[in-house]
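What follows is a set of notes on a single structure, which appears directly below.
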Amino acid sequence: MKDLNVKNIGISRRDFFQRSVKGAIGAAILPTVLGSCSNWKGANDRIVVGHIGVGSRGTDELMSYFLPLREALNIAVCDTFKDRRENTAKKINDFYKENNFTSEECKSYLDMDELLQRKDIDAVHITTPDHWHVLAAIKAARAGKHIMLAKPLGLSYPQNLMLAKELKANNVKFHYGTQQRTCEHMQLAYNMIRDGAIGEIGKVDVWAPGKNEVPSPVCTEVPVPGDFDFERWTGPAPMRPYCPDRVTNNSSWFNYDYSIGFLGGWGAHPLDILVWILKDKVNGNYSCEGTGQYWPAGGLYDNILSWDVICKYQSGLELHFTSSDVASKEMLNHRIVKESNGTTFYGSKGWISLSRSSAQSDVPEINEKLNNFPKNSNGGIKSENNTMGKRFISVIRGNEPELCPLDEAVISDTISHLGDIAIRTGRKVTWDPKLGEVVGEPEANKLYIREMRSPYTM
């Protein structure tokens, strides 16, 4: 396989979902829906799903993960943009009509509370802007709805604990939308590493993109359009002047009011693989220190866009977590396919390196197994990532345990926050998961507790 540059093999988040949609339409809808509409189960036998947040990503996931499924019925959508919610509801209604499936009309909502009050909805798929993720999930849990929640998790550790409490109190299933656990090559590597194929793990490298290649815009205030509810979009975050650039995906990812940037937004994917495979090694106290760079001053974006962080765990494990620009300078030298995100496990018998579209090992027999999957034109492994919705429905039905549980999401998300805190404070910090705080650092702890703007409080 030829040597590939990070930019050649890396897949943007938007490209990933667009490819998943095309795969679902071509590979899932045609054989499982269009060809056998008369065999679809009745509405009473299906899991009824509402969708909260139907921008580009939310709609892509809906079309790829849920609409093709016989096991799901999609009857409600919610968004602060009127055209998004109405257009998405129409797509769902048109799809069911074109495929001769009798379903009640999919309705659109501005207020997520109205959607959550519906007794006929079993589950919700939440893909709001990042700062709404945990608050929307808490609301859903209190309404007794099973939850598939987009990553990253949240901005405030106490809110994570509140969500855990509500899930338990209301017997609600949780499904974290990190996608990669459903990839076959990831599942194979999970089993091999857990079975000791590369021996005792002492070190892990994790890397992810730090930014999109876009300029940081200046926000010049203009009137809010009549078909957009900026108040609800802002929700628990501080109220700022409105401009169109503020309410884009990039702003919700790169502005500190709404997130901690791709430290969490992209880091959630490869960090999740670390936690999934080595939960027992990353579940205790650990220290974190590092350096980083921010978006240039003067624009709307102000989060960290490049980072180099070291975490050391009580178990003896060392984690090196960087943005892909840092990783490309040295961390990826051993890889043939230099993908822009990934997780490399170093054991006493060898190493295994995993990314969304590639896998490699220095152990020949392991390497052969990891690469025994169909490839795309770029040499990357083809992955059926559009199975996330199906696995969520399976979890709800009790056919399998939670694939992406909340407690593991909290562990991986906290690693991102500790990296952010260490860089912002310029100090080594230590996290105690039993206390749920940075040890002896009151000021540092304030960075992992966000105040919620009234009336968007819990």
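Labels for the structure tokens follow display order: chains A, B, ..., residues from 1 in each chain, ligands from 1.
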Within 9 Å of region 102-117 of chain A using only C-alpha atoms, minus same-chain residues under 3 positions, as a ChimeraX atom specification: /A:42-43,50-52,73-82,85-86,88-90,92-93,96-97,99,120-121,124,136,139-140,143-145,229,232
Keeping only C-alpha atoms, write those residues as a PDB file, in the first residue's frame.
```
ATOM      1  CA  GLY A  42     -46.646  -2.448  11.986  1.00  0.00           C
ATOM      2  CA  ALA A  43     -46.165   0.869  13.741  1.00  0.00           C
ATOM      3  CA  GLY A  50     -37.978  11.833  17.537  1.00  0.00           C
ATOM      4  CA  HIS A  51     -35.033  13.843  16.242  1.00  0.00           C
ATOM      5  CA  ILE A  52     -33.788  16.926  18.104  1.00  0.00           C
ATOM      6  CA  LEU A  73     -40.611   4.894  12.937  1.00  0.00           C
ATOM      7  CA  ASN A  74     -39.606   8.553  12.653  1.00  0.00           C
ATOM      8  CA  ILE A  75     -42.510  10.854  13.487  1.00  0.00           C
ATOM      9  CA  ALA A  76     -41.100  14.080  14.960  1.00  0.00           C
ATOM     10  CA  VAL A  77     -38.268  16.550  14.356  1.00  0.00           C
ATOM     11  CA  CYS A  78     -37.187  19.652  16.276  1.00  0.00           C
ATOM     12  CA  ASP A  79     -34.925  22.537  15.317  1.00  0.00           C
ATOM     13  CA  THR A  80     -34.572  26.272  15.943  1.00  0.00           C
ATOM     14  CA  PHE A  81     -34.342  26.890  12.179  1.00  0.00           C
ATOM     15  CA  LYS A  82     -37.840  26.744  10.673  1.00  0.00           C
ATOM     16  CA  ARG A  85     -37.342  21.287  10.734  1.00  0.00           C
ATOM     17  CA  GLU A  86     -40.034  21.661   8.072  1.00  0.00           C
ATOM     18  CA  THR A  88     -36.682  17.387   7.235  1.00  0.00           C
ATOM     19  CA  ALA A  89     -40.225  16.470   8.246  1.00  0.00           C
ATOM     20  CA  LYS A  90     -41.205  16.655   4.575  1.00  0.00           C
ATOM     21  CA  ILE A  92     -39.524  11.772   6.106  1.00  0.00           C
ATOM     22  CA  ASN A  93     -43.153  12.037   5.012  1.00  0.00           C
ATOM     23  CA  TYR A  96     -42.791   6.861   3.689  1.00  0.00           C
ATOM     24  CA  LYS A  97     -45.317   7.899   1.045  1.00  0.00           C
ATOM     25  CA  ASN A  99     -42.467   3.541  -0.316  1.00  0.00           C
ATOM     26  CA  ASP A 120     -45.946   7.818  21.710  1.00  0.00           C
ATOM     27  CA  ILE A 121     -42.228   8.607  21.287  1.00  0.00           C
ATOM     28  CA  VAL A 124     -34.758  10.571  20.756  1.00  0.00           C
ATOM     29  CA  ALA A 136     -31.276  18.113  25.995  1.00  0.00           C
ATOM     30  CA  LYS A 139     -34.687  16.663  29.532  1.00  0.00           C
ATOM     31  CA  ALA A 140     -35.138  13.510  27.447  1.00  0.00           C
ATOM     32  CA  ALA A 143     -39.332  12.388  29.928  1.00  0.00           C
ATOM     33  CA  GLY A 144     -38.461   8.670  29.890  1.00  0.00           C
ATOM     34  CA  LYS A 145     -37.017   8.657  26.366  1.00  0.00           C
ATOM     35  CA  ASP A 229     -35.101  31.399  17.177  1.00  0.00           C
ATOM     36  CA  ARG A 232     -33.532  28.999  21.967  1.00  0.00           C
TER      37      ARG A 232
END
```
Phe230 (chain A) environment, 12 Å, only C-alpha atoms, sequence neighbours closer than 6 positions dropped, as a list in words: Asp79, Thr80, Phe81, Lys82, Leu110, Val222, Pro223, Val224, Pro236, Ala237, Pro238, Met239, Arg240, Pro241, Tyr242, Cys243, Pro244, Arg246, Val247 and Thr248 of chain A
Using only C-alpha atoms, what table do you get, as a Markdown table, when you list each residue of region 353-442 of chain A with an atom no more than 12 Å from region 166-172 of chain A, its nearest pair of atoms, and their distance in Å rounded to one decimal, rows by chain then rising number?
```
| residue | atom | partner | partner_atom | distance |
| --- | --- | --- | --- | --- |
| A:Val395 | CA | A:Val172 | CA | 10.5 |
| A:Ile396 | CA | A:Val172 | CA | 8.6 |
| A:Arg397 | CA | A:Val172 | CA | 11.5 |
| A:Gly398 | CA | A:Val172 | CA | 11.4 |
| A:Glu402 | CA | A:Val172 | CA | 10.7 |
| A:Pro405 | CA | A:Leu167 | CA | 10.7 |
| A:Leu406 | CA | A:Leu167 | CA | 9.1 |
| A:Asp407 | CA | A:Leu167 | CA | 11.1 |
```
Go ahead and save the picked residues with C-alpha atoms, as a PDB file, in the first residue's frame.
```pdb
ATOM      1  CA  VAL A 395     -30.025  -1.765  22.806  1.00  0.00           C
ATOM      2  CA  ILE A 396     -33.492  -0.311  23.431  1.00  0.00           C
ATOM      3  CA  ARG A 397     -35.110  -3.684  22.771  1.00  0.00           C
ATOM      4  CA  GLY A 398     -32.748  -5.316  25.248  1.00  0.00           C
ATOM      5  CA  GLU A 402     -25.369  -0.637  25.913  1.00  0.00           C
ATOM      6  CA  PRO A 405     -22.576   3.763  27.686  1.00  0.00           C
ATOM      7  CA  LEU A 406     -22.548   7.103  29.470  1.00  0.00           C
ATOM      8  CA  ASP A 407     -19.899   6.242  32.072  1.00  0.00           C
TER       9      ASP A 407
END
```
Among listed residues A:Ile138, A:Ala150, A:Asp420, A:Ser216, nearest Gly261 (chain A) (using only C-alpha atoms): A:Asp420
Residue list (alpha helix (DSSP H), DSSP) for region 148-307 of chain A, as an NGL selection string: :A and (157-169 or 184-194 or 230-234 or 249-254 or 262-265 or 268-278)
Those selected residues, please, written with C-alpha atoms and delivered as an mmCIF file, in the first residue's frame.
```cif
data_model
loop_
_atom_site.group_PDB
_atom_site.id
_atom_site.type_symbol
_atom_site.label_atom_id
_atom_site.label_comp_id
_atom_site.auth_asym_id
_atom_site.auth_seq_id
_atom_site.Cartn_x
_atom_site.Cartn_y
_atom_site.Cartn_z
ATOM 1 C CA TYR A 157 -18.976 17.784 34.916
ATOM 2 C CA PRO A 158 -21.857 18.203 37.413
ATOM 3 C CA GLN A 159 -24.285 18.084 34.486
ATOM 4 C CA ASN A 160 -22.753 14.783 33.372
ATOM 5 C CA LEU A 161 -23.455 13.401 36.841
ATOM 6 C CA MET A 162 -26.995 14.747 36.700
ATOM 7 C CA LEU A 163 -27.560 12.961 33.387
ATOM 8 C CA ALA A 164 -26.284 9.691 34.871
ATOM 9 C CA LYS A 165 -28.700 10.084 37.768
ATOM 10 C CA GLU A 166 -31.659 10.738 35.467
ATOM 11 C CA LEU A 167 -30.859 7.784 33.207
ATOM 12 C CA LYS A 168 -30.904 5.458 36.197
ATOM 13 C CA ALA A 169 -33.979 6.999 37.821
ATOM 14 C CA GLU A 184 -15.495 -4.394 12.093
ATOM 15 C CA HIS A 185 -11.751 -3.702 12.170
ATOM 16 C CA MET A 186 -12.190 -1.867 15.487
ATOM 17 C CA GLN A 187 -14.117 -4.800 16.934
ATOM 18 C CA LEU A 188 -11.426 -7.217 15.768
ATOM 19 C CA ALA A 189 -8.691 -5.089 17.344
ATOM 20 C CA TYR A 190 -10.704 -4.784 20.556
ATOM 21 C CA ASN A 191 -10.803 -8.556 20.900
ATOM 22 C CA MET A 192 -7.125 -9.033 20.049
ATOM 23 C CA ILE A 193 -5.877 -6.382 22.464
ATOM 24 C CA ARG A 194 -8.194 -7.550 25.238
ATOM 25 C CA PHE A 230 -31.715 32.682 18.334
ATOM 26 C CA GLU A 231 -32.848 32.749 21.968
ATOM 27 C CA ARG A 232 -33.532 28.999 21.967
ATOM 28 C CA TRP A 233 -30.394 28.258 19.926
ATOM 29 C CA THR A 234 -28.290 30.070 22.550
ATOM 30 C CA ASN A 249 -21.307 24.317 12.919
ATOM 31 C CA ASN A 250 -17.852 25.887 12.952
ATOM 32 C CA SER A 251 -18.843 28.442 15.567
ATOM 33 C CA SER A 252 -20.412 25.819 17.827
ATOM 34 C CA TRP A 253 -17.175 23.816 17.546
ATOM 35 C CA PHE A 254 -14.599 26.600 17.836
ATOM 36 C CA PHE A 262 -11.977 19.661 18.542
ATOM 37 C CA LEU A 263 -10.144 18.621 21.714
ATOM 38 C CA GLY A 264 -13.555 17.178 22.533
ATOM 39 C CA GLY A 265 -15.411 17.363 19.224
ATOM 40 C CA ALA A 268 -14.116 12.043 21.269
ATOM 41 C CA HIS A 269 -13.704 9.500 18.456
ATOM 42 C CA PRO A 270 -10.163 8.151 19.033
ATOM 43 C CA LEU A 271 -10.331 8.717 22.797
ATOM 44 C CA ASP A 272 -13.476 6.602 22.872
ATOM 45 C CA ILE A 273 -11.536 3.710 21.330
ATOM 46 C CA LEU A 274 -8.917 4.068 24.093
ATOM 47 C CA VAL A 275 -11.565 3.989 26.834
ATOM 48 C CA TRP A 276 -13.506 1.153 25.188
ATOM 49 C CA ILE A 277 -10.455 -1.107 25.081
ATOM 50 C CA LEU A 278 -8.570 -0.022 28.219
#
```
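Excluding Asn367 (chain A) itself and same-chain residues fewer than 6 positions from it, the residues having an atom within 10 Å of it are A:Trp351, A:Ile352, A:Ser353, A:Ala359, A:Gln360, A:Ser361, counting only C-alpha atoms.
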What would the file look like if the residues just selected were written as an mmCIF file, in the first residue's frame with C-alpha atoms?
```
data_model
loop_
_atom_site.group_PDB
_atom_site.id
_atom_site.type_symbol
_atom_site.label_atom_id
_atom_site.label_comp_id
_atom_site.auth_asym_id
_atom_site.auth_seq_id
_atom_site.Cartn_x
_atom_site.Cartn_y
_atom_site.Cartn_z
ATOM 1 C CA TRP A 351 1.696 -2.360 18.690
ATOM 2 C CA ILE A 352 -1.679 -1.952 16.993
ATOM 3 C CA SER A 353 -2.706 1.359 15.430
ATOM 4 C CA ALA A 359 -5.437 -0.358 10.877
ATOM 5 C CA GLN A 360 -1.859 -1.520 11.218
ATOM 6 C CA SER A 361 0.426 -3.589 13.473
#
```
Every residue of region 18-223 of chain A that DSSP places in strand (DSSP E), as JSON, numbers by chain: {"A": [47, 48, 49, 50, 51, 52, 72, 73, 74, 75, 76, 77, 78, 107, 108, 109, 123, 124, 125, 126, 146, 147, 148, 149, 150, 174, 175, 176, 177, 201, 202, 203, 204, 205, 206, 207, 208]}
Shell of 12 Å around Ile421 (chain A), only C-alpha atoms, local chain residues under 2 positions omitted, as a count of residues only: 39
